[in-house]
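Okay, structure_30.txt now, which holds compact mmCIF, C-alpha atoms:
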```
# COMPACT_ATOMS: atom_id res chain seq x y z
CA MET A 415 112.32 101.37 94.99
CA LEU A 416 109.72 99.64 92.80
CA ARG A 417 106.86 101.65 94.29
CA ARG A 418 108.69 104.97 93.85
CA ALA A 419 109.33 104.16 90.20
CA TYR A 420 105.70 103.28 89.59
CA ALA A 421 104.53 106.39 91.40
CA LEU A 422 106.62 108.59 89.14
CA VAL A 423 105.58 107.04 85.87
CA LEU A 424 102.14 105.51 86.38
CA THR A 425 100.75 108.84 87.54
CA LEU A 426 100.96 109.86 83.91
CA ALA A 427 98.77 106.93 82.94
CA ALA A 428 96.21 107.47 85.70
CA CYS A 429 95.65 111.13 84.97
CA GLY A 430 92.74 111.57 82.62
CA SER A 431 92.33 107.85 81.86
CA PRO A 432 88.71 107.20 80.96
CA GLY A 433 86.87 104.58 82.95
CA SER A 434 89.62 104.08 85.53
CA SER A 435 88.76 103.25 89.11
CA SER A 436 90.66 103.70 92.35
CA GLY A 437 92.92 100.83 93.31
CA GLY A 438 91.61 101.08 96.86
CA SER A 439 87.97 100.70 95.89
CA THR A 440 86.19 97.37 96.09
CA SER A 441 83.78 98.29 93.30
CA ASP A 442 84.39 97.10 89.76
CA SER A 443 84.43 99.49 86.83
CA ALA A 444 81.71 99.31 84.19
CA SER A 445 82.23 98.66 80.45
CA GLY A 446 79.91 95.74 80.00
CA GLU A 447 81.41 93.39 82.59
CA THR A 448 79.56 91.14 84.98
CA THR A 449 80.63 90.87 88.61
CA ALA A 450 80.56 87.60 90.52
CA ALA A 451 77.93 87.49 93.23
CA ALA A 452 78.87 86.16 96.62
CA THR A 453 76.08 83.57 96.36
CA VAL A 454 77.73 81.71 93.47
CA GLU A 455 79.42 78.58 94.73
CA PRO A 456 82.82 77.42 93.44
CA GLY A 457 83.32 74.26 91.47
CA SER A 458 82.98 71.81 94.34
CA SER A 459 79.79 71.15 96.26
CA GLY A 460 79.17 72.50 99.72
CA ALA A 461 80.45 75.66 101.35
CA SER A 462 83.10 77.94 99.91
CA THR A 463 86.43 76.12 99.74
CA ARG A 464 89.02 78.40 101.28
CA ALA A 465 92.32 77.60 99.59
CA THR A 466 95.26 77.34 101.96
CA ASP A 467 98.80 75.95 102.08
CA ASP A 468 98.24 72.92 104.27
CA PRO A 469 101.65 71.34 104.93
CA THR A 470 99.92 68.13 106.01
CA ALA A 471 97.96 67.76 102.77
CA ALA A 472 98.84 64.64 100.85
CA ALA A 473 100.48 65.04 97.47
CA ALA A 474 98.31 64.14 94.52
CA THR A 475 98.83 60.49 93.69
CA GLY A 476 97.79 60.84 90.08
CA THR A 477 96.72 58.48 87.37
CA SER A 478 98.12 58.03 83.92
CA GLY A 479 96.30 59.36 80.88
CA ASP A 480 94.85 62.65 79.77
CA ALA A 481 94.01 65.35 82.27
CA PRO A 482 90.24 65.79 82.69
CA THR A 483 88.75 68.28 80.26
CA SER A 484 85.22 68.57 81.66
CA THR A 485 84.08 67.55 85.11
CA GLY A 486 86.66 64.87 85.70
CA ASP A 487 86.63 61.10 85.33
CA THR A 488 84.25 60.67 88.26
CA GLY A 489 81.67 63.07 86.84
CA GLU A 490 82.16 65.46 89.77
CA ALA A 491 83.21 69.08 89.37
CA ILE A 492 86.94 69.73 89.62
CA ASP A 493 87.94 71.34 92.92
CA TYR A 494 90.58 73.83 91.80
CA THR A 495 91.55 74.62 95.38
CA GLN A 496 92.92 71.09 95.77
CA PRO A 497 95.79 69.29 94.02
CA GLY A 498 94.87 67.68 90.73
CA LEU A 499 95.15 64.08 89.58
CA TYR A 500 98.92 64.00 89.27
CA ALA A 501 101.93 63.88 91.51
CA VAL A 502 104.40 66.65 90.65
CA GLY A 503 107.84 66.29 89.15
CA ASN A 504 110.51 68.97 88.98
CA THR A 505 113.73 69.36 87.02
CA ARG A 506 115.92 72.07 85.55
CA PHE A 507 118.16 72.71 82.60
CA GLU A 508 120.53 75.40 81.36
CA LEU A 509 119.59 77.15 78.14
CA GLN A 510 121.78 79.25 75.90
CA ALA A 511 119.64 82.04 74.46
CA GLY A 512 121.85 84.12 72.21
CA GLU A 513 124.53 85.53 74.49
CA ARG A 514 122.44 84.86 77.60
CA THR A 515 122.64 81.75 79.76
CA LEU A 516 119.32 80.97 81.44
CA LEU A 517 118.67 78.55 84.25
CA VAL A 518 115.20 77.10 83.64
CA GLU A 519 113.07 75.36 86.27
CA VAL A 520 110.35 72.97 85.08
CA TRP A 521 107.43 71.40 86.94
CA TYR A 522 105.33 68.69 85.28
CA PRO A 523 102.70 65.99 85.88
CA ALA A 524 104.48 62.96 87.31
CA ASP A 525 103.73 59.26 87.41
CA ASP A 526 102.27 57.63 90.53
CA SER A 527 105.74 56.26 91.30
CA ALA A 528 106.88 59.82 92.16
CA ALA A 529 104.10 60.45 94.69
CA ALA A 530 106.09 59.55 97.82
CA ASP A 531 109.07 61.67 96.80
CA ALA A 532 106.74 64.55 95.92
CA ALA A 533 105.06 64.35 99.32
CA GLN A 534 108.46 64.50 101.01
CA GLY A 535 109.69 67.35 98.81
CA ARG A 536 112.97 69.19 99.24
CA PRO A 537 114.21 72.37 100.97
CA ILE A 538 113.86 75.37 98.66
CA ALA A 539 117.58 76.12 99.03
CA GLU A 540 118.11 73.23 96.61
CA PHE A 541 116.59 75.35 93.85
CA VAL A 542 119.89 77.28 93.96
CA PRO A 543 122.91 75.46 92.49
CA GLU A 544 125.78 74.89 94.88
CA GLY A 545 128.20 77.80 95.08
CA ALA A 546 128.27 81.37 96.29
CA ASP A 547 124.60 82.04 95.52
CA ARG A 548 123.53 78.96 97.50
CA VAL A 549 125.53 80.17 100.48
CA THR A 550 123.92 83.61 100.18
CA PHE A 551 120.44 82.13 99.89
CA GLU A 552 120.91 79.82 102.86
CA GLY A 553 122.09 82.83 104.86
CA LEU A 554 118.86 84.66 104.02
CA LEU A 555 116.79 81.66 105.08
CA ALA A 556 118.70 81.37 108.35
CA THR A 557 118.04 85.01 109.28
CA LEU A 558 114.46 85.53 108.15
CA SER A 559 112.69 88.56 109.57
CA PRO A 560 109.23 88.18 111.15
CA HIS A 561 107.79 88.93 107.70
CA GLY A 562 109.92 86.22 106.12
CA GLN A 563 109.07 83.69 108.81
CA ILE A 564 105.44 84.17 107.85
CA GLY A 565 105.81 84.51 104.10
CA THR A 566 108.71 82.40 102.80
CA ARG A 567 107.78 78.83 101.88
CA LEU A 568 110.64 76.56 102.93
CA GLN A 569 109.71 73.19 101.44
CA THR A 570 108.71 71.99 97.99
CA ARG A 571 106.12 69.31 97.26
CA SER A 572 107.60 67.88 94.09
CA ALA A 573 109.82 64.94 93.14
CA TYR A 574 113.11 65.96 91.56
CA ASP A 575 113.50 64.12 88.24
CA GLY A 576 110.37 62.08 88.97
CA LEU A 577 109.03 60.01 86.08
CA LEU A 578 106.76 62.00 83.75
CA ALA A 579 103.14 60.85 83.71
CA ALA A 580 101.78 59.15 80.61
CA GLY A 581 99.22 61.05 78.59
CA GLY A 582 101.22 63.81 76.92
CA PRO A 583 101.80 66.03 75.13
CA TRP A 584 100.77 68.47 77.86
CA PRO A 585 99.76 72.12 77.78
CA LEU A 586 102.82 74.32 78.38
CA LEU A 587 102.98 77.41 80.60
CA VAL A 588 105.88 79.83 81.02
CA PHE A 589 106.27 81.88 84.19
CA SER A 590 108.07 85.24 84.42
CA HIS A 591 109.30 86.31 87.85
CA CYS A 592 109.18 89.75 89.42
CA HIS A 593 111.92 92.41 89.42
CA GLY A 594 114.88 91.13 91.43
CA CYS A 595 113.20 87.78 92.14
CA VAL A 596 113.93 84.20 91.06
CA ARG A 597 112.47 81.58 88.76
CA PHE A 598 111.00 79.70 91.75
CA SER A 599 109.29 82.76 93.27
CA ALA A 600 105.89 81.10 92.82
CA PHE A 601 106.78 77.43 92.92
CA THR A 602 103.64 76.41 94.83
CA ILE A 603 101.50 77.82 92.00
CA ALA A 604 103.68 75.92 89.51
CA GLU A 605 103.34 72.70 91.52
CA HIS A 606 99.58 73.13 91.68
CA LEU A 607 99.33 73.68 87.93
CA ALA A 608 101.51 70.64 87.27
CA SER A 609 99.20 68.51 89.43
CA HIS A 610 96.33 69.65 87.20
CA GLY A 611 98.06 68.51 84.02
CA PHE A 612 100.35 71.35 82.88
CA ILE A 613 104.07 71.64 82.24
CA VAL A 614 105.31 74.89 83.80
CA ALA A 615 108.70 76.36 82.85
CA ALA A 616 110.29 79.36 84.52
CA PRO A 617 113.65 80.92 83.60
CA ASP A 618 115.81 83.09 85.78
CA HIS A 619 115.89 86.41 83.92
CA ALA A 620 119.66 86.72 84.14
CA GLY A 621 120.72 90.20 85.25
CA ASN A 622 117.38 90.77 87.00
CA THR A 623 117.38 88.16 89.75
CA LEU A 624 117.48 88.25 93.53
CA PHE A 625 121.22 87.64 93.42
CA ASP A 626 121.77 90.50 90.99
CA GLN A 627 119.75 92.74 93.30
CA LEU A 628 121.79 91.72 96.36
CA LYS A 629 124.97 92.52 94.44
CA GLY A 630 123.62 95.95 93.48
CA ASP A 631 123.70 95.12 89.79
CA ASN A 632 120.02 94.69 88.92
CA ALA A 633 118.57 95.54 85.52
CA ALA A 634 116.28 98.54 85.08
CA ILE A 635 112.50 98.35 84.88
CA ASP A 636 112.29 99.69 81.36
CA GLU A 637 111.35 98.89 77.78
CA ALA A 638 114.84 97.74 76.85
CA PHE A 639 115.03 95.05 79.49
CA LEU A 640 111.39 94.07 79.00
CA LYS A 641 112.40 93.04 75.48
CA VAL A 642 115.22 90.95 76.95
CA ARG A 643 112.85 89.22 79.37
CA ARG A 644 110.29 88.59 76.63
CA ALA A 645 113.04 87.03 74.49
CA ASP A 646 113.95 84.77 77.42
CA LEU A 647 110.40 83.39 77.48
CA GLY A 648 110.40 82.91 73.73
CA ALA A 649 113.65 80.95 73.95
CA VAL A 650 112.18 78.69 76.65
CA LEU A 651 109.15 78.01 74.46
CA ASP A 652 111.38 77.30 71.46
CA ALA A 653 113.36 74.74 73.45
CA LEU A 654 110.47 72.91 75.07
CA LEU A 655 108.42 72.81 71.86
CA ASP A 656 111.34 71.37 69.86
CA PRO A 657 111.29 67.57 70.21
CA ALA A 658 114.93 67.45 69.11
CA ALA A 659 116.26 70.06 71.57
CA ALA A 660 119.22 68.34 73.20
CA VAL A 661 119.33 70.91 76.01
CA VAL A 662 115.92 69.78 77.33
CA PRO A 663 115.94 66.71 79.63
CA ALA A 664 115.19 63.68 77.47
CA ALA A 665 111.99 62.77 79.31
CA LEU A 666 110.46 66.18 78.48
CA ARG A 667 111.34 66.32 74.78
CA GLY A 668 108.25 66.27 72.61
CA GLN A 669 105.99 66.39 75.68
CA SER A 670 104.74 69.99 75.33
CA ASP A 671 101.76 70.79 73.10
CA ALA A 672 102.43 73.73 70.78
CA THR A 673 98.68 74.28 70.33
CA ARG A 674 98.12 74.77 74.07
CA VAL A 675 100.56 77.40 75.37
CA GLY A 676 99.96 79.95 78.11
CA ALA A 677 101.91 82.41 80.24
CA LEU A 678 101.73 83.91 83.70
CA GLY A 679 103.93 86.42 85.46
CA HIS A 680 104.21 88.50 88.61
CA SER A 681 104.92 92.26 88.71
CA PHE A 682 107.60 92.96 86.05
CA GLY A 683 106.70 89.46 84.91
CA ALA A 684 103.09 90.56 84.35
CA ALA A 685 104.21 93.11 81.79
CA THR A 686 106.61 90.55 80.32
CA VAL A 687 103.92 87.94 79.65
CA GLY A 688 101.71 90.69 78.26
CA ARG A 689 104.37 91.44 75.65
CA LEU A 690 104.78 87.74 74.96
CA ALA A 691 101.02 87.31 74.44
CA GLN A 692 101.06 90.35 72.16
CA GLU A 693 103.90 89.16 69.95
CA ASP A 694 104.00 85.36 70.08
CA PRO A 695 101.06 83.65 68.33
CA ARG A 696 101.77 80.43 70.21
CA VAL A 697 100.40 81.96 73.42
CA ARG A 698 96.66 81.24 73.86
CA ALA A 699 96.04 82.70 77.36
CA ALA A 700 97.91 84.92 79.84
CA MET A 701 97.65 85.72 83.56
CA PRO A 702 99.33 88.97 84.72
CA ILE A 703 99.64 89.19 88.52
CA ALA A 704 99.90 92.44 90.53
CA ALA A 705 100.91 94.83 87.75
CA PRO A 706 99.38 96.34 84.58
CA ILE A 707 100.39 95.12 81.13
CA GLU A 708 100.07 98.49 79.39
CA ASN A 709 101.65 101.50 81.09
CA PRO A 710 104.23 104.21 80.33
CA PHE A 711 107.13 102.09 81.55
CA PHE A 712 106.70 99.88 78.51
CA PRO A 713 105.45 101.89 75.53
CA GLY A 714 105.60 98.81 73.30
CA ASN A 715 102.92 96.99 75.31
CA LYS A 716 99.60 97.46 73.51
CA LEU A 717 96.46 95.84 74.88
CA ALA A 718 94.75 96.45 71.54
CA ASP A 719 97.20 93.97 70.01
CA ILE A 720 96.50 91.18 72.53
CA HIS A 721 93.76 88.85 71.33
CA VAL A 722 93.88 86.03 73.86
CA PRO A 723 91.98 85.54 77.15
CA LEU A 724 93.45 87.37 80.15
CA LEU A 725 93.10 86.93 83.90
CA SER A 726 94.45 89.98 85.72
CA VAL A 727 95.08 89.81 89.48
CA LEU A 728 94.89 92.99 91.59
CA ALA A 729 96.10 93.11 95.21
CA GLU A 730 93.94 95.78 96.85
CA GLU A 731 96.64 96.73 99.39
CA ASP A 732 99.54 96.66 96.96
CA ASN A 733 102.19 98.81 98.62
CA SER A 734 104.64 98.28 95.77
CA ILE A 735 102.75 99.65 92.77
CA GLY A 736 100.37 101.58 95.04
CA ALA A 737 96.92 102.99 94.29
CA ILE A 738 98.19 104.45 91.03
CA GLY A 739 99.36 101.08 89.75
CA ASN A 740 96.08 99.46 90.76
CA THR A 741 94.17 102.19 88.94
CA VAL A 742 96.12 101.36 85.81
CA ILE A 743 95.32 97.64 86.23
CA ALA A 744 91.62 98.58 86.40
CA THR A 745 92.03 100.80 83.33
CA ASN A 746 93.72 97.92 81.52
CA PHE A 747 90.67 95.79 82.32
CA ASP A 748 88.39 98.35 80.69
CA ALA A 749 90.64 98.67 77.62
CA ALA A 750 91.58 95.05 76.91
CA ASN A 751 90.03 92.92 74.22
CA PRO A 752 87.63 90.43 75.80
CA PRO A 753 87.53 87.91 77.25
CA ILE A 754 89.22 89.32 80.32
CA ARG A 755 88.66 88.83 84.02
CA LEU A 756 89.81 91.08 86.85
CA LEU A 757 90.39 89.28 90.14
CA ARG A 758 90.51 91.68 93.11
CA VAL A 759 91.91 90.25 96.34
CA LYS A 760 91.04 92.06 99.58
CA ASP A 761 93.87 92.92 102.01
CA ALA A 762 96.44 91.37 99.66
CA GLY A 763 99.83 92.97 99.13
CA HIS A 764 102.26 92.76 96.24
CA TRP A 765 103.96 89.53 97.39
CA ASN A 766 100.84 87.88 98.84
CA PHE A 767 100.91 85.35 95.98
CA SER A 768 104.63 84.63 96.20
CA ASP A 769 106.67 81.97 97.97
CA ILE A 770 109.42 84.45 98.88
CA CYS A 771 107.37 87.11 100.65
CA GLY A 772 109.60 88.66 103.32
CA LEU A 773 112.76 86.87 102.14
CA ILE A 774 114.34 90.34 101.99
CA SER A 775 112.86 93.60 103.23
CA ASP A 776 111.94 94.69 99.68
CA PHE A 777 109.52 91.74 99.59
CA ASP A 778 107.73 92.47 102.89
CA ALA A 779 104.56 93.92 101.36
CA GLY A 780 102.17 91.00 101.58
CA CYS A 781 102.93 89.09 104.77
CA GLY A 782 102.46 90.05 108.40
CA GLU A 783 101.87 93.61 109.55
CA GLY A 784 101.78 96.56 107.18
CA THR A 785 100.17 99.88 106.34
CA ARG A 786 97.27 100.18 103.95
CA GLN A 787 97.79 101.93 100.63
CA SER A 788 94.02 102.36 100.24
CA VAL A 789 93.79 104.22 103.59
CA PRO A 790 97.22 105.87 103.89
CA GLY A 791 98.79 105.46 107.30
CA GLN A 792 96.31 102.91 108.61
CA PRO A 793 98.03 99.86 110.11
CA PHE A 794 96.60 96.44 109.31
CA THR A 795 97.52 92.79 108.83
CA TYR A 796 97.95 91.55 105.28
CA LEU A 797 95.79 88.70 104.04
CA ASP A 798 97.04 85.37 105.37
CA ILE A 799 99.84 84.41 102.98
CA ASP A 800 98.59 80.84 102.64
CA VAL A 801 95.16 82.11 101.62
CA GLY A 802 96.67 84.53 99.09
CA ARG A 803 98.75 81.83 97.45
CA GLY A 804 95.76 79.51 97.53
CA VAL A 805 93.56 82.03 95.73
CA ALA A 806 96.19 82.61 93.03
CA ARG A 807 96.81 78.94 92.33
CA ALA A 808 93.13 77.95 92.33
CA TYR A 809 92.17 80.66 89.85
CA ALA A 810 95.25 79.93 87.74
CA ALA A 811 94.29 76.26 87.52
CA ALA A 812 90.71 77.12 86.56
CA PHE A 813 91.78 79.78 84.03
CA PHE A 814 94.22 77.59 82.15
CA ASP A 815 91.91 74.60 82.42
CA ARG A 816 89.26 76.70 80.70
CA TYR A 817 91.42 78.04 77.89
CA LEU A 818 94.13 75.39 77.38
CA HIS A 819 92.43 72.15 78.42
CA GLY A 820 89.26 73.48 76.80
CA ASN A 821 87.06 72.79 79.83
CA PRO A 822 83.95 75.04 79.65
CA ASP A 823 82.92 73.97 83.15
CA ALA A 824 85.89 75.90 84.57
CA ALA A 825 84.07 79.17 83.84
CA ALA A 826 81.76 78.55 86.81
CA TYR A 827 84.70 78.72 89.20
CA LEU A 828 86.39 81.57 87.36
CA ASP A 829 83.32 83.77 87.64
CA ALA A 830 82.62 82.88 91.26
CA ALA A 831 83.99 84.68 94.30
CA ASP A 832 85.94 82.18 96.39
CA PRO A 833 86.35 82.95 99.25
CA ALA A 834 83.46 85.39 98.84
CA ASP A 835 84.62 87.66 101.66
CA ILE A 836 88.06 88.09 100.07
CA VAL A 837 87.69 87.80 96.30
CA SER A 838 85.64 89.67 93.71
CA VAL A 839 85.67 88.88 90.00
CA ALA A 840 84.70 91.19 87.15
CA THR A 841 84.30 89.71 83.67
CA ARG A 842 84.15 91.17 80.18
CA GLU A 843 83.26 88.53 77.60
```

Using structure tokens, write down the structure that the file contains.
Amino acid sequence: MLRRAYALVLTLAACGSPGSSSGGSTSDSASGETTAAATVEPGSSGASTRATDDPTAAAATGTSGDAPTSTGDTGEAIDYTQPGLYAVGNTRFELQAGERTLLVEVWYPADDSAAADAAQGRPIAEFVPEGADRVTFEGLLATLSPHGQIGTRLQTRSAYDGLLAAGGPWPLLVFSHCHGCVRFSAFTIAEHLASHGFIVAAPDHAGNTLFDQLKGDNAAIDEAFLKVRRADLGAVLDALLDPAAAVVPAALRGQSDATRVGALGHSFGAATVGRLAQEDPRVRAAMPIAAPIENPFFPGNKLADIHVPLLSVLAEEDNSIGAIGNTVIATNFDAANPPIRLLRVKDAGHWNFSDICGLISDFDAGCGEGTRQSVPGQPFTYLDIDVGRGVARAYAAAFFDRYLHGNPDAAAYLDAADPADIVSVATRE
């Protein structure tokens, strides 16, 4: 359904757009950008560090104090493919935003005392409050298709209500989920960012969640509901940046830094964080994943009005937005105010960066077997889901480290291709 909608509308944007390039091409468009060479090494020494979801990896044990803002306390370059200094805590709260009730998930840097609980984690079903939706979700997990068995991450690596690390206030990120998804759709990226010294908050966009989709009552992908989603993110920022907000868990009040705010979002969430970055001066950097910010779906989204750094992620085999959608992402890269980076990921599908790939059939594009969109009809195997998630979280950590922690050394990783056989990066400064 999502791909058909994009095909109908994004064709209008692709036709006659100057400087656009095919979503199936591995070449980067011109306009003054530089493209990362395969010989550039990532932040750590040695060979390219291929980021994967290793279930045996130890949780970060963390230290109290400020997150590193240059090359780390040891003087060595930060390895963004690995967990950061901190264990990860997780909590949630319910927020009343006008007439809307939002369930908000939060991940944050935790004290060393939470490390053991973070390493043990919890089943992802516990993200869903007990009740009918929990029963539905557990039913989906119990009957996963071959795609879901490959692509759905079943276990967290965070400590629920673990003690917050000392050293705040922390940079704050808001995450916006995809159409018909859930606030924890990318929880491994959120955990990774928290381990690197960020608070990450993600609301369920009520009326546009997985459970709404399963009930056949999902919101439309249109300008009207984009405004609703953007308001959701603004309300989350208002709450977490208000030290007196009683709705926020006491340990998190006053712990978010209003001068260091960023946003990231997947699919419909990409357009949502684009609007947030356009309208909310608190946002200092934004990362749209697998969808363009500016396109005819959302006439209010104007790249010309966004004046913060952007990192745009393009899945080269995106069978949801298709070649047309990828062309618009490339056109957005040419049109955006610098600095902007375009991260192309070979053999990746729309949900290759998600923790719920294959949970339902609509989310299959990105795990297991599929058909290329760049070579119509050609069967292939999507990029290993662990590698796709690893790429997204490593570049997210480097991007927000660069622009929110103020670490200039992060640019070396951002402009590198890691892994070089999978990733290419184009940059316009």

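Each of A:Leu509, A:Val805, A:Leu516, A:Leu578 was compared to Ala664 (chain A) using all atoms listed in the file, and A:Leu578 turns out to be the nearest.
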
In terms of the shortest atom-to-atom distance over all atoms listed in the file, which of A:Asn746, A:Ser527, A:Gln627, A:Thr785 is closest to Gly576 (chain A)?
-> A:Ser527

Protein and nucleic acid residues near (93.5, 81.9, 90.0) (cut-off 12 Å, all atoms listed in the file) as number ranges by chain | A: 465, 494-495, 603-604, 606-607, 678, 700-703, 724-728, 755-759, 767, 801-816, 824-825, 827-833, 837-839

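CA of Gly791 (chain A) is positioned 29.1 Å from CA of Leu554 (chain A).
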
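Separating CA of Val502 (chain A) from CA of His591 (chain A) is a distance of 20.5 Å.
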
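Distances from A:Asp776, A:Asp656, A:Glu783, A:Asp732 to His764 (chain A) were compared using only C-alpha atoms, and the smallest one belongs to A:Asp732.
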
Would you give the centre and edge lengths, in Å to one decimal, of a box along x, y and z around the listed atoms of region 587-604 of chain A, with 5 Å added to each side, as lines of an AutoDock Vina configuration file?
```
center_x = 108.2
center_y = 84.2
center_z = 87.7
size_x = 23.4
size_y = 26.5
size_z = 24.2
```
